[in-house]
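Asker: What follows is a single structure, and I will ask about it in a moment.
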Amino acid sequence: MIEVSNLSKSFDLKNVLKDISFKAKTGEIITLLGPNGAGKTTLMRCMCGYLPIDRGNITIDNLPLNENLVQCLSKVGYMPENTPLYPEMTVLEYMRFIAEIYQMPKDIFDERMTYLQEKLSLDEVMFNKMSTLSKGFRRRVGVGAAILHNPQILILDEPTEGLDPNQKIVLRKFLRDYAKKALVIISTHLLEETEALSSRVIILNNGRLIKDSSFANLKKEAPKGELSKLFYQLTKEGD
Amino acid sequence: MQTAIYKRDLVSFFNNKTAYIIFVVYSLLSSVMAFFWGDFFTTYNSSMSSFFVFQPNILAIIIPAIAMRSWADEKRSGTVENLLTFPLSNLNLTVSKFVAVFSISLIMILFSLPLLITSAIYIPIDYGSVLCSYIALLLTSMVLSAYCCLVSSLVATPAVAYLLGLLGGVLWTNFSFGNIITSLWHNAPFYFDGILNFSNNYQNFLNGQLNFYSLIYFISLAFLLLFYNFLVVENWRAR
């Protein structure tokens, strides 16, 4: 479904991503795990077409992203790291704006909104301006906007950052359900998040892919089953 | 053109009090310049030349204020990341943003109509000439809108976009670029000076001539600036 081959990206003279390759398919929840500055956000931005790549290829459903940008992006839902939203818009106006971009018919929009309002508990803020939303609601609106058009690939950059424990549980459950019919890729530096969500883990360190494994195998590999120790070993070696 | 982006930019502009301040400043500047510097009441104004002659300078001051947020504010707030990951072509994005700024400029120009209507009560108006002058105003706005959108896409903050937009606009409407070229290139054809100068081309319309070369001058300049804006957007994204 999405294939990244030999992807390299640099900013000025600094190599941020070095020769990254992996394939991912529907039904997986992939966690991009790594310390700060490992290249997780850059990799996600490249997969969403937000950043041009220096070398390598990204294909979505066998279509090269750079040559079929519009077609590929229609299959992707993306929520950036800090959930940037238009402050002057209400939540409903923003959702309508997204729906118009995806040329969504009104009946489908209404149906999707009912689903999202229920799953993400957005009812109480639908008519609130974005500028008045708490961080938790901003995240939920960001996730809602990313999945409004029912994308086959959902890419979320640190989706549970800033959420309270209850909100994290609700969002994780939602993502697990969503992954039954789509590919979900999230980034995090929290092992707790990886444990709660992932079917597969990709560990990045200093721009390199240092581990690509199912969560079960990773757990087996970890000394005494402790992911934090394995993570420390892997990322320390890379330093 | 993507109507969702166009509408958002328009609504966002009119949601802001600055929009109304800009319109009031435009109306005040237009009236003050025409009445006091243009001797509106003492000159025979059948073509309203006292009004139109100051318009390029006024537009050069005002249009950067309309366009400054176009791209720069999206970059500052991070919403550009959402925008560029929507399934929209680079051309679509560039044109939508430009048309929004150009539309606001045209709405602003409509605020000059009361002056025309009032004048028509007291003096016989040469409507052909006035129409030509309004076409000149429209074309000048088109070029300034394209230029200011380009500047907004090149810088990170609206304030810098305004200053650079103002500088470029004032230089373009007041300096003789034809003279500069002919002084640097001694073998330049004699008509270069006339063809490349804003004032000559603008004056042609004010004289009531719908000059083909002047029309081409404005339209090609706007296209050139829009094309450059398109290249800037293309440079940001996957390619």
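By order in the structure tokens, chains are A, B, ...; within a chain, residues start at 1; ligands start at 1, following the order shown.
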Neighbouring residues of A:Ser199 were defined as those with any atom within 7 Å, considering only C-alpha atoms; residues of the same chain fewer than 2 positions away were excluded. Please report them as a list in words.
Answerer: Glu28, Ile29, Ile30, Leu197, Val201, Ser214 and Phe215 of chain A
Asker: Go ahead and dump the residues you just picked, N, CA and C atoms, as an mmCIF file, in the first residue's frame.
Answerer:
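Below is the file result34.cif, written as the result:
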```cif
data_model
loop_
_atom_site.group_PDB
_atom_site.id
_atom_site.type_symbol
_atom_site.label_atom_id
_atom_site.label_comp_id
_atom_site.auth_asym_id
_atom_site.auth_seq_id
_atom_site.Cartn_x
_atom_site.Cartn_y
_atom_site.Cartn_z
ATOM 1 N N GLU A 28 -2.318 -2.623 9.426
ATOM 2 C CA GLU A 28 -1.205 -2.446 10.360
ATOM 3 C C GLU A 28 -1.327 -1.118 11.108
ATOM 4 N N ILE A 29 -0.852 -1.131 12.343
ATOM 5 C CA ILE A 29 -0.634 0.139 13.049
ATOM 6 C C ILE A 29 0.870 0.217 13.279
ATOM 7 N N ILE A 30 1.499 1.092 12.558
ATOM 8 C CA ILE A 30 2.952 1.205 12.649
ATOM 9 C C ILE A 30 3.316 2.402 13.519
ATOM 10 N N LEU A 197 -0.573 0.503 21.223
ATOM 11 C CA LEU A 197 -1.172 0.602 19.896
ATOM 12 C C LEU A 197 -0.600 -0.312 18.810
ATOM 13 N N VAL A 201 6.675 -1.956 14.790
ATOM 14 C CA VAL A 201 7.450 -0.800 15.268
ATOM 15 C C VAL A 201 8.628 -0.550 14.335
ATOM 16 N N SER A 214 7.809 -6.637 14.172
ATOM 17 C CA SER A 214 6.460 -6.666 14.755
ATOM 18 C C SER A 214 6.600 -6.376 16.249
ATOM 19 N N PHE A 215 5.539 -5.891 16.818
ATOM 20 C CA PHE A 215 5.630 -5.533 18.227
ATOM 21 C C PHE A 215 5.926 -6.772 19.080
#
```
Asker: Residues within 12 Å of A:Val125, please, as an mmCIF file with all heavy atoms, in the first residue's frame. Count only C-alpha atoms; anything in the same chain fewer than 2 positions from it doesn't count.
Answerer:
```cif
data_model
loop_
_atom_site.group_PDB
_atom_site.id
_atom_site.type_symbol
_atom_site.label_atom_id
_atom_site.label_comp_id
_atom_site.auth_asym_id
_atom_site.auth_seq_id
_atom_site.Cartn_x
_atom_site.Cartn_y
_atom_site.Cartn_z
ATOM 1 N N MET A 89 -11.985 29.935 12.594
ATOM 2 C CA MET A 89 -13.053 29.021 12.172
ATOM 3 C C MET A 89 -13.618 28.255 13.363
ATOM 4 O O MET A 89 -12.888 27.961 14.310
ATOM 5 C CB MET A 89 -12.491 27.995 11.185
ATOM 6 C CG MET A 89 -12.358 28.474 9.784
ATOM 7 S SD MET A 89 -11.804 27.087 8.768
ATOM 8 C CE MET A 89 -12.099 27.745 7.157
ATOM 9 N N THR A 90 -14.903 27.896 13.275
ATOM 10 C CA THR A 90 -15.447 26.973 14.270
ATOM 11 C C THR A 90 -15.095 25.556 13.803
ATOM 12 O O THR A 90 -14.707 25.364 12.644
ATOM 13 C CB THR A 90 -16.980 27.103 14.395
ATOM 14 O OG1 THR A 90 -17.560 26.672 13.161
ATOM 15 C CG2 THR A 90 -17.412 28.525 14.708
ATOM 16 N N VAL A 91 -15.282 24.605 14.693
ATOM 17 C CA VAL A 91 -14.946 23.217 14.343
ATOM 18 C C VAL A 91 -15.778 22.775 13.131
ATOM 19 O O VAL A 91 -15.243 22.192 12.183
ATOM 20 C CB VAL A 91 -15.191 22.282 15.555
ATOM 21 C CG1 VAL A 91 -14.985 20.824 15.172
ATOM 22 C CG2 VAL A 91 -14.262 22.667 16.695
ATOM 23 N N LEU A 92 -17.071 23.092 13.160
ATOM 24 C CA LEU A 92 -17.941 22.686 12.059
ATOM 25 C C LEU A 92 -17.516 23.351 10.745
ATOM 26 O O LEU A 92 -17.472 22.705 9.691
ATOM 27 C CB LEU A 92 -19.402 23.038 12.387
ATOM 28 C CG LEU A 92 -20.438 22.551 11.375
ATOM 29 C CD1 LEU A 92 -20.437 21.032 11.255
ATOM 30 C CD2 LEU A 92 -21.841 23.019 11.755
ATOM 31 N N GLU A 93 -17.185 24.634 10.807
ATOM 32 C CA GLU A 93 -16.729 25.336 9.587
ATOM 33 C C GLU A 93 -15.463 24.697 9.034
ATOM 34 O O GLU A 93 -15.309 24.532 7.824
ATOM 35 C CB GLU A 93 -16.448 26.817 9.903
ATOM 36 C CG GLU A 93 -17.694 27.674 10.019
ATOM 37 C CD GLU A 93 -17.433 29.047 10.637
ATOM 38 O OE1 GLU A 93 -16.304 29.306 11.123
ATOM 39 O OE2 GLU A 93 -18.377 29.841 10.663
ATOM 40 N N TYR A 94 -14.560 24.311 9.946
ATOM 41 C CA TYR A 94 -13.307 23.702 9.509
ATOM 42 C C TYR A 94 -13.571 22.355 8.828
ATOM 43 O O TYR A 94 -13.001 22.040 7.787
ATOM 44 C CB TYR A 94 -12.369 23.526 10.711
ATOM 45 C CG TYR A 94 -11.009 23.008 10.324
ATOM 46 C CD1 TYR A 94 -10.175 23.759 9.503
ATOM 47 C CD2 TYR A 94 -10.549 21.771 10.758
ATOM 48 C CE1 TYR A 94 -8.919 23.290 9.135
ATOM 49 C CE2 TYR A 94 -9.297 21.295 10.401
ATOM 50 C CZ TYR A 94 -8.490 22.056 9.592
ATOM 51 O OH TYR A 94 -7.249 21.592 9.222
ATOM 52 N N GLN A 117 -18.274 12.718 15.471
ATOM 53 C CA GLN A 117 -18.748 13.372 16.704
ATOM 54 C C GLN A 117 -18.909 12.336 17.815
ATOM 55 O O GLN A 117 -18.552 12.585 18.961
ATOM 56 C CB GLN A 117 -20.084 14.079 16.462
ATOM 57 C CG GLN A 117 -19.904 15.486 15.886
ATOM 58 C CD GLN A 117 -21.227 16.087 15.467
ATOM 59 O OE1 GLN A 117 -21.568 16.058 14.303
ATOM 60 N NE2 GLN A 117 -21.972 16.618 16.406
ATOM 61 N N LEU A 120 -15.162 10.644 18.533
ATOM 62 C CA LEU A 120 -14.141 11.538 19.099
ATOM 63 C C LEU A 120 -14.729 12.516 20.123
ATOM 64 O O LEU A 120 -14.026 13.422 20.582
ATOM 65 C CB LEU A 120 -13.432 12.315 17.980
ATOM 66 C CG LEU A 120 -12.610 11.482 16.992
ATOM 67 C CD1 LEU A 120 -12.173 12.322 15.798
ATOM 68 C CD2 LEU A 120 -11.376 10.898 17.671
ATOM 69 N N SER A 121 -15.989 12.340 20.446
ATOM 70 C CA SER A 121 -16.686 13.204 21.417
ATOM 71 C C SER A 121 -16.495 14.691 21.095
ATOM 72 O O SER A 121 -16.038 15.465 21.936
ATOM 73 C CB SER A 121 -16.191 12.930 22.836
ATOM 74 O OG SER A 121 -16.132 11.567 23.084
ATOM 75 N N LEU A 122 -16.864 15.055 19.882
ATOM 76 C CA LEU A 122 -16.679 16.453 19.455
ATOM 77 C C LEU A 122 -17.949 17.288 19.604
ATOM 78 O O LEU A 122 -17.932 18.490 19.324
ATOM 79 C CB LEU A 122 -16.213 16.500 17.987
ATOM 80 C CG LEU A 122 -14.807 15.967 17.695
ATOM 81 C CD1 LEU A 122 -14.549 15.918 16.200
ATOM 82 C CD2 LEU A 122 -13.749 16.818 18.375
ATOM 83 N N ASP A 123 -19.049 16.630 20.042
ATOM 84 C CA ASP A 123 -20.355 17.301 20.117
ATOM 85 C C ASP A 123 -20.308 18.696 20.741
ATOM 86 O O ASP A 123 -20.793 19.663 20.171
ATOM 87 C CB ASP A 123 -21.335 16.452 20.939
ATOM 88 C CG ASP A 123 -21.862 15.315 20.108
ATOM 89 O OD1 ASP A 123 -21.563 15.316 18.905
ATOM 90 O OD2 ASP A 123 -22.541 14.435 20.661
ATOM 91 N N PHE A 127 -19.474 24.143 17.614
ATOM 92 C CA PHE A 127 -19.694 25.550 17.247
ATOM 93 C C PHE A 127 -18.690 26.483 17.923
ATOM 94 O O PHE A 127 -18.853 27.695 17.894
ATOM 95 C CB PHE A 127 -21.138 25.954 17.560
ATOM 96 C CG PHE A 127 -22.130 25.131 16.798
ATOM 97 C CD1 PHE A 127 -22.773 24.061 17.400
ATOM 98 C CD2 PHE A 127 -22.381 25.393 15.456
ATOM 99 C CE1 PHE A 127 -23.658 23.265 16.680
ATOM 100 C CE2 PHE A 127 -23.268 24.606 14.729
ATOM 101 C CZ PHE A 127 -23.909 23.535 15.340
ATOM 102 N N ASN A 128 -17.660 25.896 18.515
ATOM 103 C CA ASN A 128 -16.622 26.712 19.168
ATOM 104 C C ASN A 128 -15.536 27.087 18.160
ATOM 105 O O ASN A 128 -15.219 26.310 17.268
ATOM 106 C CB ASN A 128 -15.956 25.937 20.306
ATOM 107 C CG ASN A 128 -16.889 25.720 21.471
ATOM 108 O OD1 ASN A 128 -18.096 25.903 21.348
ATOM 109 N ND2 ASN A 128 -16.353 25.310 22.588
ATOM 110 N N LYS A 129 -14.974 28.272 18.366
ATOM 111 C CA LYS A 129 -13.854 28.688 17.509
ATOM 112 C C LYS A 129 -12.620 27.868 17.889
ATOM 113 O O LYS A 129 -12.431 27.536 19.058
ATOM 114 C CB LYS A 129 -13.568 30.170 17.721
ATOM 115 C CG LYS A 129 -14.724 31.049 17.245
ATOM 116 C CD LYS A 129 -14.251 32.044 16.237
ATOM 117 C CE LYS A 129 -15.420 32.933 15.837
ATOM 118 N NZ LYS A 129 -15.376 33.377 14.496
ATOM 119 N N MET A 130 -11.800 27.613 16.920
ATOM 120 C CA MET A 130 -10.572 26.833 17.154
ATOM 121 C C MET A 130 -9.689 27.500 18.214
ATOM 122 O O MET A 130 -9.017 26.821 18.977
ATOM 123 C CB MET A 130 -9.759 26.734 15.863
ATOM 124 C CG MET A 130 -10.469 26.053 14.750
ATOM 125 S SD MET A 130 -10.663 24.326 15.093
ATOM 126 C CE MET A 130 -11.144 23.785 13.472
ATOM 127 N N SER A 131 -9.700 28.836 18.186
ATOM 128 C CA SER A 131 -8.820 29.565 19.110
ATOM 129 C C SER A 131 -9.195 29.330 20.574
ATOM 130 O O SER A 131 -8.397 29.578 21.462
ATOM 131 C CB SER A 131 -8.865 31.058 18.792
ATOM 132 O OG SER A 131 -10.192 31.509 18.806
ATOM 133 N N THR A 132 -10.429 28.841 20.817
ATOM 134 C CA THR A 132 -10.870 28.643 22.202
ATOM 135 C C THR A 132 -10.706 27.182 22.665
ATOM 136 O O THR A 132 -11.015 26.870 23.805
ATOM 137 C CB THR A 132 -12.353 29.046 22.367
ATOM 138 O OG1 THR A 132 -13.144 28.150 21.567
ATOM 139 C CG2 THR A 132 -12.610 30.469 21.912
ATOM 140 N N LEU A 133 -10.253 26.315 21.768
ATOM 141 C CA LEU A 133 -10.196 24.892 22.117
ATOM 142 C C LEU A 133 -8.998 24.554 22.997
ATOM 143 O O LEU A 133 -7.927 25.153 22.849
ATOM 144 C CB LEU A 133 -10.107 24.033 20.840
ATOM 145 C CG LEU A 133 -11.275 24.076 19.859
ATOM 146 C CD1 LEU A 133 -11.017 23.102 18.720
ATOM 147 C CD2 LEU A 133 -12.587 23.748 20.546
ATOM 148 N N SER A 134 -9.194 23.573 23.860
ATOM 149 C CA SER A 134 -8.070 23.073 24.663
ATOM 150 C C SER A 134 -7.189 22.208 23.762
ATOM 151 O O SER A 134 -7.592 21.818 22.665
ATOM 152 C CB SER A 134 -8.606 22.225 25.815
ATOM 153 O OG SER A 134 -9.194 21.045 25.292
ATOM 154 N N GLY A 136 -6.347 19.159 24.065
ATOM 155 C CA GLY A 136 -6.946 17.849 23.829
ATOM 156 C C GLY A 136 -7.974 17.893 22.704
ATOM 157 O O GLY A 136 -7.985 17.038 21.824
ATOM 158 N N PHE A 137 -8.816 18.912 22.720
ATOM 159 C CA PHE A 137 -9.830 19.040 21.665
ATOM 160 C C PHE A 137 -9.181 19.373 20.325
ATOM 161 O O PHE A 137 -9.629 18.901 19.278
ATOM 162 C CB PHE A 137 -10.876 20.098 22.039
ATOM 163 C CG PHE A 137 -12.011 19.524 22.842
ATOM 164 C CD1 PHE A 137 -12.258 19.941 24.132
ATOM 165 C CD2 PHE A 137 -12.835 18.549 22.287
ATOM 166 C CE1 PHE A 137 -13.296 19.386 24.876
ATOM 167 C CE2 PHE A 137 -13.876 17.996 23.017
ATOM 168 C CZ PHE A 137 -14.111 18.417 24.321
ATOM 169 N N ARG A 138 -8.131 20.175 20.361
ATOM 170 C CA ARG A 138 -7.420 20.493 19.104
ATOM 171 C C ARG A 138 -6.915 19.201 18.461
ATOM 172 O O ARG A 138 -7.026 19.010 17.252
ATOM 173 C CB ARG A 138 -6.242 21.434 19.362
ATOM 174 C CG ARG A 138 -6.632 22.870 19.658
ATOM 175 C CD ARG A 138 -5.399 23.701 19.970
ATOM 176 N NE ARG A 138 -4.535 23.863 18.806
ATOM 177 C CZ ARG A 138 -4.704 24.820 17.899
ATOM 178 N NH1 ARG A 138 -5.682 25.675 18.030
ATOM 179 N NH2 ARG A 138 -3.900 24.912 16.867
ATOM 180 N N ARG A 140 -8.118 16.205 18.887
ATOM 181 C CA ARG A 140 -9.234 15.401 18.400
ATOM 182 C C ARG A 140 -9.812 15.980 17.108
ATOM 183 O O ARG A 140 -10.180 15.246 16.203
ATOM 184 C CB ARG A 140 -10.323 15.295 19.475
ATOM 185 C CG ARG A 140 -9.931 14.266 20.527
ATOM 186 C CD ARG A 140 -11.058 14.007 21.469
ATOM 187 N NE ARG A 140 -10.973 14.884 22.635
ATOM 188 C CZ ARG A 140 -11.914 14.963 23.550
ATOM 189 N NH1 ARG A 140 -13.024 14.268 23.431
ATOM 190 N NH2 ARG A 140 -11.762 15.759 24.597
ATOM 191 N N VAL A 141 -9.861 17.306 17.028
ATOM 192 C CA VAL A 141 -10.332 17.941 15.782
ATOM 193 C C VAL A 141 -9.340 17.621 14.656
ATOM 194 O O VAL A 141 -9.742 17.301 13.525
ATOM 195 C CB VAL A 141 -10.469 19.477 15.968
ATOM 196 C CG1 VAL A 141 -10.722 20.161 14.634
ATOM 197 C CG2 VAL A 141 -11.602 19.792 16.939
#
```
Asker: Tell me which protein, DNA and RNA residues are within 9 Å of A:Gly77, counting only C-alpha atoms, leaving out same-chain ones fewer than 4 positions away, and put them as a ChimeraX atom specification.
Answerer: /A:48,73,143,145-156 /B:85-86
Asker: Could you write out that same residue set with C-alpha atoms as a PDB file, in the first residue's frame?
Answerer:
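Writing the result to again-v3.pdb gives the following:
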```
ATOM      1  CA  CYS A  48       2.588  13.197   2.852  1.00  0.00           C
ATOM      2  CA  LEU A  73      -2.751  12.529  -1.345  1.00  0.00           C
ATOM      3  CA  VAL A 143      -7.593  13.604  13.963  1.00  0.00           C
ATOM      4  CA  ALA A 145     -10.083  16.361   9.982  1.00  0.00           C
ATOM      5  CA  ALA A 146      -7.470  13.813   8.923  1.00  0.00           C
ATOM      6  CA  ILE A 147      -9.995  10.968   8.710  1.00  0.00           C
ATOM      7  CA  LEU A 148     -13.033  12.889   7.488  1.00  0.00           C
ATOM      8  CA  HIS A 149     -12.543  11.661   3.928  1.00  0.00           C
ATOM      9  CA  ASN A 150     -12.000   8.088   5.130  1.00  0.00           C
ATOM     10  CA  PRO A 151      -8.387   7.767   3.935  1.00  0.00           C
ATOM     11  CA  GLN A 152      -6.721   4.422   3.317  1.00  0.00           C
ATOM     12  CA  ILE A 153      -3.566   5.682   4.985  1.00  0.00           C
ATOM     13  CA  LEU A 154      -3.700   7.679   8.187  1.00  0.00           C
ATOM     14  CA  ILE A 155      -0.517   9.424   9.290  1.00  0.00           C
ATOM     15  CA  LEU A 156      -0.550  11.092  12.693  1.00  0.00           C
TER      16      LEU A 156
ATOM     17  CA  THR B  85      -0.907  17.876   2.216  1.00  0.00           C
ATOM     18  CA  PHE B  86      -4.382  18.302   0.749  1.00  0.00           C
TER      19      PHE B  86
END
```
Asker: Work out how far atom CA of A:Glu158 is from atom CA of A:Leu191, in Å to one decimal.
Answerer: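 Computed distance, atom CA of A:Leu191 to atom CA of A:Glu158, equals 12.1 Å.
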Asker: Write down, as an MDAnalysis selection string, each residue of chain A that has any atom within 7 Å of an atom of chain B, counting only C-alpha atoms.
Answerer: chainID A and resid 48:53 66:67 70:71 73:74 84:85 88 97 100:101
Asker: Determine, for each residue of stretch 41-67 of chain B having at least one atom at most 10 Å from an atom of stretch 159-163 of chain B, the closest pair of atoms and their separation in Å to one decimal, counting only C-alpha atoms; order by chain and ascending number, as a Markdown table.
Answerer:
```
| residue | atom | partner | partner_atom | distance |
| --- | --- | --- | --- | --- |
| B:Ile61 | CA | B:Tyr162 | CA | 8.9 |
| B:Ile62 | CA | B:Tyr162 | CA | 9.2 |
| B:Ile63 | CA | B:Tyr162 | CA | 8.7 |
| B:Pro64 | CA | B:Tyr162 | CA | 5.0 |
| B:Ala65 | CA | B:Tyr162 | CA | 5.8 |
| B:Ile66 | CA | B:Tyr162 | CA | 8.7 |
| B:Ala67 | CA | B:Tyr162 | CA | 7.8 |
```
Asker: Counting only C-alpha atoms, figure out which residue out of A:Lys135, A:Asp19, A:Glu226, A:Asp54 gets nearest to A:Asn82.
Answerer: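 Distance minimum relative to A:Asn82 lands on A:Lys135.
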Asker: Which residues are close to stretch 27-35 of chain B, i.e. within 10 Å by only C-alpha atoms, leaving aside same-chain residues fewer than 5 positions away? Reply as a PDB file with C-alpha atoms, in the first residue's frame.
Answerer:
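Once written, part-v8.pdb looks like this:
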```pdb
ATOM      1  CA  ILE B  21      -9.729  49.633   8.354  1.00  0.00           C
ATOM      2  CA  ILE B  22      -8.061  48.892   5.008  1.00  0.00           C
ATOM      3  CA  PHE B  40     -10.835  67.632  -8.222  1.00  0.00           C
ATOM      4  CA  PHE B  41     -13.194  70.605  -7.899  1.00  0.00           C
ATOM      5  CA  THR B  42     -11.197  73.075  -9.981  1.00  0.00           C
ATOM      6  CA  MET B  48     -12.094  61.738 -13.441  1.00  0.00           C
ATOM      7  CA  SER B  49      -8.361  61.901 -14.083  1.00  0.00           C
ATOM      8  CA  SER B  50      -7.761  63.671 -10.733  1.00  0.00           C
ATOM      9  CA  PHE B  51      -8.989  60.503  -9.093  1.00  0.00           C
ATOM     10  CA  PHE B  52      -7.317  57.880 -11.286  1.00  0.00           C
ATOM     11  CA  VAL B  53      -3.892  59.484 -11.460  1.00  0.00           C
ATOM     12  CA  PHE B  54      -3.177  58.793  -7.772  1.00  0.00           C
ATOM     13  CA  GLN B  55      -4.652  55.299  -7.703  1.00  0.00           C
ATOM     14  CA  ASN B  57       0.323  54.764  -5.505  1.00  0.00           C
ATOM     15  CA  ILE B  58      -2.670  54.159  -3.272  1.00  0.00           C
ATOM     16  CA  LEU B  59      -3.010  50.572  -4.501  1.00  0.00           C
ATOM     17  CA  ILE B  62      -3.034  49.078   0.256  1.00  0.00           C
ATOM     18  CA  MET B 108     -12.152  47.634  -2.407  1.00  0.00           C
ATOM     19  CA  ILE B 109     -12.115  49.446  -5.746  1.00  0.00           C
ATOM     20  CA  LEU B 110     -15.921  49.334  -5.725  1.00  0.00           C
ATOM     21  CA  PHE B 111     -15.717  51.776  -2.818  1.00  0.00           C
ATOM     22  CA  SER B 112     -14.704  54.433  -5.353  1.00  0.00           C
ATOM     23  CA  LEU B 115     -17.379  59.335  -6.063  1.00  0.00           C
TER      24      LEU B 115
END
```
Asker: Residues of stretch 133-226 of chain A in strand (DSSP E) according to DSSP, as an mmCIF file with N, CA and C atoms, in the first residue's frame?
Answerer:
```cif
data_model
loop_
_atom_site.group_PDB
_atom_site.id
_atom_site.type_symbol
_atom_site.label_atom_id
_atom_site.label_comp_id
_atom_site.auth_asym_id
_atom_site.auth_seq_id
_atom_site.Cartn_x
_atom_site.Cartn_y
_atom_site.Cartn_z
ATOM 1 N N ILE A 153 -4.793 5.568 4.190
ATOM 2 C CA ILE A 153 -3.566 5.682 4.985
ATOM 3 C C ILE A 153 -3.723 6.870 5.924
ATOM 4 N N LEU A 154 -3.570 6.608 7.200
ATOM 5 C CA LEU A 154 -3.700 7.679 8.187
ATOM 6 C C LEU A 154 -2.341 7.904 8.847
ATOM 7 N N ILE A 155 -1.840 9.115 8.737
ATOM 8 C CA ILE A 155 -0.517 9.424 9.290
ATOM 9 C C ILE A 155 -0.679 10.503 10.356
ATOM 10 N N LEU A 156 -0.339 10.154 11.586
ATOM 11 C CA LEU A 156 -0.550 11.092 12.693
ATOM 12 C C LEU A 156 0.765 11.316 13.436
ATOM 13 N N ASP A 157 1.125 12.570 13.560
ATOM 14 C CA ASP A 157 2.377 12.900 14.228
ATOM 15 C C ASP A 157 2.094 13.183 15.711
ATOM 16 N N LEU A 183 -4.411 1.656 6.892
ATOM 17 C CA LEU A 183 -3.060 1.613 7.454
ATOM 18 C C LEU A 183 -2.892 2.850 8.333
ATOM 19 N N VAL A 184 -2.479 2.626 9.568
ATOM 20 C CA VAL A 184 -2.275 3.760 10.475
ATOM 21 C C VAL A 184 -0.791 3.860 10.822
ATOM 22 N N ILE A 185 -0.223 5.026 10.595
ATOM 23 C CA ILE A 185 1.178 5.255 10.958
ATOM 24 C C ILE A 185 1.207 6.416 11.940
ATOM 25 N N ILE A 186 1.763 6.161 13.113
ATOM 26 C CA ILE A 186 1.865 7.255 14.089
ATOM 27 C C ILE A 186 3.332 7.413 14.498
ATOM 28 N N SER A 187 3.662 8.578 14.948
ATOM 29 C CA SER A 187 5.015 8.766 15.468
ATOM 30 C C SER A 187 4.906 9.060 16.957
ATOM 31 N N THR A 188 5.879 8.633 17.674
ATOM 32 C CA THR A 188 5.897 8.914 19.103
ATOM 33 C C THR A 188 7.311 8.722 19.652
ATOM 34 N N ARG A 200 3.307 -3.066 14.653
ATOM 35 C CA ARG A 200 4.671 -3.080 14.112
ATOM 36 C C ARG A 200 5.392 -1.811 14.555
ATOM 37 N N VAL A 201 6.675 -1.956 14.790
ATOM 38 C CA VAL A 201 7.450 -0.800 15.268
ATOM 39 C C VAL A 201 8.628 -0.550 14.335
ATOM 40 N N ILE A 202 8.785 0.698 13.947
ATOM 41 C CA ILE A 202 9.967 1.090 13.171
ATOM 42 C C ILE A 202 10.737 2.072 14.043
ATOM 43 N N ILE A 203 11.969 1.697 14.373
ATOM 44 C CA ILE A 203 12.762 2.585 15.235
ATOM 45 C C ILE A 203 13.762 3.360 14.386
ATOM 46 N N LEU A 204 13.728 4.660 14.558
ATOM 47 C CA LEU A 204 14.666 5.535 13.847
ATOM 48 C C LEU A 204 15.633 6.133 14.851
ATOM 49 N N ASN A 205 16.857 6.286 14.395
ATOM 50 C CA ASN A 205 17.833 6.988 15.227
ATOM 51 C C ASN A 205 18.817 7.704 14.306
ATOM 52 N N ARG A 208 18.472 7.111 10.617
ATOM 53 C CA ARG A 208 18.567 5.748 10.068
ATOM 54 C C ARG A 208 17.474 4.861 10.642
ATOM 55 N N LEU A 209 17.017 3.922 9.796
ATOM 56 C CA LEU A 209 16.059 2.933 10.295
ATOM 57 C C LEU A 209 16.901 1.842 10.964
ATOM 58 N N ILE A 210 16.782 1.722 12.268
ATOM 59 C CA ILE A 210 17.636 0.746 12.951
ATOM 60 C C ILE A 210 16.876 -0.511 13.369
ATOM 61 N N LYS A 211 15.571 -0.476 13.309
ATOM 62 C CA LYS A 211 14.796 -1.667 13.647
ATOM 63 C C LYS A 211 13.435 -1.604 12.984
ATOM 64 N N ASP A 212 13.035 -2.685 12.348
ATOM 65 C CA ASP A 212 11.697 -2.776 11.768
ATOM 66 C C ASP A 212 11.175 -4.157 12.129
ATOM 67 N N SER A 213 10.272 -4.203 13.078
ATOM 68 C CA SER A 213 9.877 -5.507 13.610
ATOM 69 C C SER A 213 8.433 -5.452 14.094
ATOM 70 N N SER A 214 7.809 -6.637 14.172
ATOM 71 C CA SER A 214 6.460 -6.666 14.755
ATOM 72 C C SER A 214 6.600 -6.376 16.249
#
```
Asker: Mind checking which residues fall within 6 Å of A:Ser21, counting only C-alpha atoms, ignoring those fewer than 6 positions away in the same chain, and posting them as number ranges by chain?
Answerer: A: 4-6
Asker: Taking N, CA, C and O atoms for each residue, export the selection above as a JSON list (two decimals), in the first residue's frame.
Answerer:
```json
[["chain", "number", "residue", "atom", "x", "y", "z"],
["A", 4, "VAL", "N", 8.28, 2.74, 0.88],
["A", 4, "VAL", "CA", 9.35, 3.75, 0.93],
["A", 4, "VAL", "C", 10.64, 3.02, 0.58],
["A", 4, "VAL", "O", 10.98, 2.02, 1.21],
["A", 5, "SER", "N", 11.33, 3.47, -0.46],
["A", 5, "SER", "CA", 12.58, 2.80, -0.83],
["A", 5, "SER", "C", 13.74, 3.78, -0.89],
["A", 5, "SER", "O", 13.67, 4.78, -1.61],
["A", 6, "ASN", "N", 14.76, 3.43, -0.16],
["A", 6, "ASN", "CA", 16.04, 4.17, -0.15],
["A", 6, "ASN", "C", 15.87, 5.68, -0.01],
["A", 6, "ASN", "O", 16.53, 6.45, -0.71]]
```
Asker: Could you list, as a ChimeraX atom specification, every residue within 9 Å of A:Thr160, counting only C-alpha atoms and ignoring same-chain residues fewer than 6 positions away?
Answerer: /A:136,139,167-168,171-172,188,193
Asker: Which one of B:Ser105, B:Asn174, B:Ser152, B:Asn207 sits closest to B:Leu139 if you count only C-alpha atoms?
Answerer: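 Of B:Ser105, B:Asn174, B:Ser152, B:Asn207, the one nearest B:Leu139 is B:Ser105, counting only C-alpha atoms.
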